[in-house]
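Undergrad: So here's coords.tsv (TSV, C-alpha atoms).
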chain	number	residue	atom	x	y	z
A	154	MET	CA	9.23	24.82	-17.73
A	155	ILE	CA	9.92	21.32	-19.07
A	156	LYS	CA	12.52	20.76	-16.36
A	157	GLY	CA	10.04	21.71	-13.64
A	158	PHE	CA	7.43	19.36	-15.09
A	159	LYS	CA	10.01	16.56	-15.26
A	160	GLU	CA	10.95	17.10	-11.60
A	161	PHE	CA	7.27	17.11	-10.62
A	162	ILE	CA	6.57	13.86	-12.46
A	163	LEU	CA	9.71	12.13	-11.22
A	164	ARG	CA	9.10	13.17	-7.62
A	165	GLY	CA	7.80	9.67	-6.94
A	166	ASN	CA	4.54	10.18	-5.13
A	167	VAL	CA	2.80	11.33	-8.30
A	168	ILE	CA	4.04	8.37	-10.31
A	169	ASP	CA	3.24	5.87	-7.56
A	170	LEU	CA	-0.28	7.18	-7.18
A	171	ALA	CA	-1.01	7.34	-10.91
A	172	VAL	CA	0.35	3.87	-11.51
A	173	ALA	CA	-1.57	2.40	-8.61
A	174	VAL	CA	-4.85	3.88	-9.79
A	175	VAL	CA	-4.50	2.92	-13.45
A	176	ILE	CA	-3.08	-0.55	-12.96
A	177	GLY	CA	-5.36	-1.26	-10.03
A	178	ALA	CA	-8.44	-0.43	-12.05
A	179	ALA	CA	-7.33	-2.40	-15.09
A	180	PHE	CA	-6.01	-5.40	-13.23
A	181	THR	CA	-8.98	-5.67	-10.87
A	182	ALA	CA	-11.25	-6.78	-13.72
A	183	VAL	CA	-8.79	-9.52	-14.69
A	184	VAL	CA	-8.41	-10.74	-11.11
A	185	ASN	CA	-12.18	-10.72	-10.54
A	186	ALA	CA	-12.68	-12.83	-13.67
A	187	ILE	CA	-10.03	-15.34	-12.57
A	188	VAL	CA	-11.44	-15.59	-9.07
A	189	SER	CA	-15.04	-15.96	-10.22
A	190	SER	CA	-14.17	-18.58	-12.84
A	191	ILE	CA	-11.56	-20.60	-10.91
A	192	ILE	CA	-11.61	-19.89	-7.17
A	193	ASN	CA	-15.37	-19.68	-6.65
A	194	PRO	CA	-16.02	-23.08	-8.32
A	195	ILE	CA	-13.37	-24.61	-6.06
A	196	ILE	CA	-15.11	-23.07	-3.04
A	197	ALA	CA	-18.43	-24.39	-4.37
A	198	LEU	CA	-16.98	-27.92	-4.05
A	199	PHE	CA	-16.98	-27.45	-0.28
A	200	TRP	CA	-20.10	-25.30	0.17
A	201	GLU	CA	-23.35	-25.62	-1.70
A	202	PRO	CA	-24.69	-22.32	-3.09
A	203	ASP	CA	-27.93	-21.08	-1.55
A	204	ALA	CA	-31.09	-20.15	-3.48
A	205	ASN	CA	-29.53	-16.79	-4.44
A	206	GLY	CA	-26.39	-18.49	-5.76
A	207	GLN	CA	-24.18	-17.26	-2.93
A	208	ILE	CA	-21.46	-19.61	-1.77
A	209	GLY	CA	-20.80	-19.71	1.94
A	210	ILE	CA	-21.87	-20.86	5.35
A	211	THR	CA	-25.65	-21.03	5.78
A	212	VAL	CA	-27.09	-20.47	9.24
A	213	ASN	CA	-30.73	-20.91	10.22
A	214	GLY	CA	-31.96	-17.55	11.51
A	215	LEU	CA	-35.18	-16.43	13.14
A	216	TRP	CA	-36.81	-15.47	9.82
A	217	GLY	CA	-35.10	-17.92	7.50
A	218	ASP	CA	-31.72	-19.04	6.34
A	219	VAL	CA	-28.84	-16.58	6.22
A	220	THR	CA	-25.77	-17.20	4.06
A	221	PHE	CA	-22.42	-15.64	4.92
A	222	PRO	CA	-20.86	-15.19	1.45
A	223	ILE	CA	-17.38	-16.65	1.96
A	224	GLY	CA	-16.84	-16.66	-1.80
A	225	ASP	CA	-17.19	-12.88	-2.02
A	226	LEU	CA	-14.78	-12.40	0.88
A	227	ILE	CA	-12.14	-14.67	-0.64
A	228	ASN	CA	-12.67	-12.96	-4.00
A	229	ALA	CA	-12.00	-9.53	-2.47
A	230	ILE	CA	-8.90	-10.71	-0.57
A	231	ILE	CA	-7.36	-12.42	-3.59
A	232	ALA	CA	-8.14	-9.44	-5.84
A	233	PHE	CA	-6.52	-7.02	-3.39
A	234	LEU	CA	-3.39	-9.13	-2.92
A	235	ALA	CA	-2.97	-9.76	-6.63
A	236	VAL	CA	-3.31	-6.09	-7.54
A	237	ALA	CA	-0.95	-5.05	-4.73
A	238	VAL	CA	1.69	-7.57	-5.78
A	239	VAL	CA	1.54	-6.57	-9.44
A	240	VAL	CA	1.67	-2.84	-8.72
A	241	TYR	CA	4.59	-3.27	-6.31
A	242	PHE	CA	6.77	-5.60	-8.38
A	243	VAL	CA	6.05	-4.10	-11.79
A	244	PHE	CA	6.08	-0.40	-10.91
A	245	VAL	CA	7.03	0.59	-7.37
A	246	TYR	CA	10.09	-1.65	-6.98
A	247	PRO	CA	11.65	-0.70	-10.34
A	248	MET	CA	10.97	3.01	-9.69
A	249	ASN	CA	12.70	2.77	-6.30
A	250	ARG	CA	15.68	1.07	-7.95
A	251	ILE	CA	15.86	3.85	-10.55
A	252	LYS	CA	15.81	6.46	-7.77
A	253	GLU	CA	18.57	4.63	-5.87
A	254	ARG	CA	20.74	4.47	-8.97
A	255	ALA	CA	20.15	8.15	-9.70
A	256	ALA	CA	21.05	9.04	-6.11
A	257	ALA	CA	24.19	6.88	-6.25
A	258	LYS	CA	25.18	8.46	-9.56
A	259	ALA	CA	24.72	11.91	-8.04
A	260	GLY	CA	26.78	10.89	-5.03
A	261	VAL	CA	23.95	11.25	-2.52
A	262	SER	CA	23.63	8.54	0.10
A	263	PRO	CA	20.35	7.85	1.90
A	264	ALA	CA	21.91	9.16	5.12
A	265	ASP	CA	22.55	12.53	3.42
A	266	GLU	CA	18.91	12.94	2.45
A	267	GLU	CA	17.43	13.02	5.96
A	268	PRO	CA	19.09	15.00	8.74
A	269	LYS	CA	19.49	13.23	12.06
A	270	LEU	CA	17.04	14.52	14.63
A	271	PRO	CA	18.33	15.41	18.09
A	272	THR	CA	17.56	13.11	20.98
A	273	GLU	CA	15.23	14.08	23.80
A	274	GLN	CA	18.17	14.69	26.10
A	275	GLU	CA	19.85	16.99	23.56
A	276	LEU	CA	16.62	18.97	23.18
A	277	LEU	CA	16.30	19.37	26.95
A	278	VAL	CA	19.90	20.62	27.17
A	279	GLN	CA	19.21	23.15	24.40
A	280	ILE	CA	16.04	24.35	26.17
A	281	ARG	CA	17.93	24.69	29.45
A	282	ASP	CA	20.70	26.69	27.77
A	283	LEU	CA	18.18	29.00	26.09
A	284	LEU	CA	16.37	29.61	29.37
A	285	GLU	CA	19.66	30.43	31.11
A	286	LYS	CA	20.55	32.81	28.28
A	287	GLN	CA	17.19	34.61	28.64
A	288	ARG	CA	17.66	35.04	32.39
A	289	ALA	CA	21.10	36.56	31.90
As a first step, turn the structure in this file into structure tokens.
TA:
Amino acid sequence: MIKGFKEFILRGNVIDLAVAVVIGAAFTAVVNAIVSSIINPIIALFWEPDANGQIGITVNGLWGDVTFPIGDLINAIIAFLAVAVVVYFVFVYPMNRIKERAAAKAGVSPADEEPKLPTEQELLVQIRDLLEKQRA
């Protein structure tokens, strides 16, 4: 029972998903704080905030001014990239290295794990041979 649970946990997909969710949620708050306290003030040097405090490009519309919140967009992009980089380099990359070492220790090469699929021509030859066999 313990062995089955260990195999399930070490399968890879479960660990990757769990790590991404937990670290992503925790790290997002940190990244949002950094972006709002450092990046947004830098953006505010180039664009003046509107009456609502949004930083971005203001365009005169039919019924008033409209602000395209560039600060929010940059915040979201930086937050996504930062979380993705941390999750990859802290968890996914080391887990892949551990799997490679375990496979090398077991004597399994990556080529052994996935069988080579036949080409289209080989499949057509097999189909032809099967059809000839059925006719005979």
Undergrad: Pick from A:Glu253, A:Asp169, A:Glu285, A:Asp225: nearest to A:Ile192, with all atoms listed in the file counted?
TA: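 Once distances to A:Ile192 are computed over all atoms listed in the file, the minimum belongs to A:Asp225.
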Undergrad: Given the choices A:Val172, A:Ile191, A:Leu283, A:Leu276, which gets closest to A:Ile227 if the distance is worked out from all atoms listed in the file?
TA: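 The shortest atom-to-atom distance to A:Ile227 comes from A:Ile191.
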Undergrad: Quick one, how far is atom CA of A:Val184 from atom CA of A:Val245?
TA: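 We find that atom CA of A:Val184 and atom CA of A:Val245 lie 19.5 Å from each other.
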Undergrad: How many Å separate atom CA of A:Gln207 from atom CA of A:Thr220?
TA: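 So the two atoms, atom CA of A:Gln207 and atom CA of A:Thr220, lie 7.2 Å apart.
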Undergrad: Taking (-3.4, -3.4, -6.7) as a centre in this file's frame and 9 Å as the limit, can you find every polymer residue with an atom that close, using all atoms listed in the file, and give them as a count of residues only?
TA: 17
Undergrad: Distance atom CA of A:Ala171-atom CA of A:Ala256, one decimal place?
TA: 22.6 Å
Undergrad: Edge lengths and centre in Å to one decimal, as lines of an AutoDock Vina configuration file, of the axis-aligned box that encloses all listed atoms of stretch 205-222 of chain A with 5 Å added on every side?
TA:
center_x = -28.8
center_y = -18.1
center_z = 3.7
size_x = 26.0
size_y = 15.8
size_z = 28.9
Undergrad: With distances taken over all atoms listed in the file, which of A:Gly157, A:Gly260, A:Gly209, A:Pro271 is nearest to A:Asn193?
TA: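 Closest candidate: A:Gly209.
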Undergrad: Need the shell around A:Pro222: protein/DNA/RNA residues with any atom at most 12 Å away, counting all atoms listed in the file. Skip same-chain ones fewer than 2 positions apart. Format as a ChimeraX atom specification?
TA: /A:193,196-197,200-203,205-212,219-220,224-229
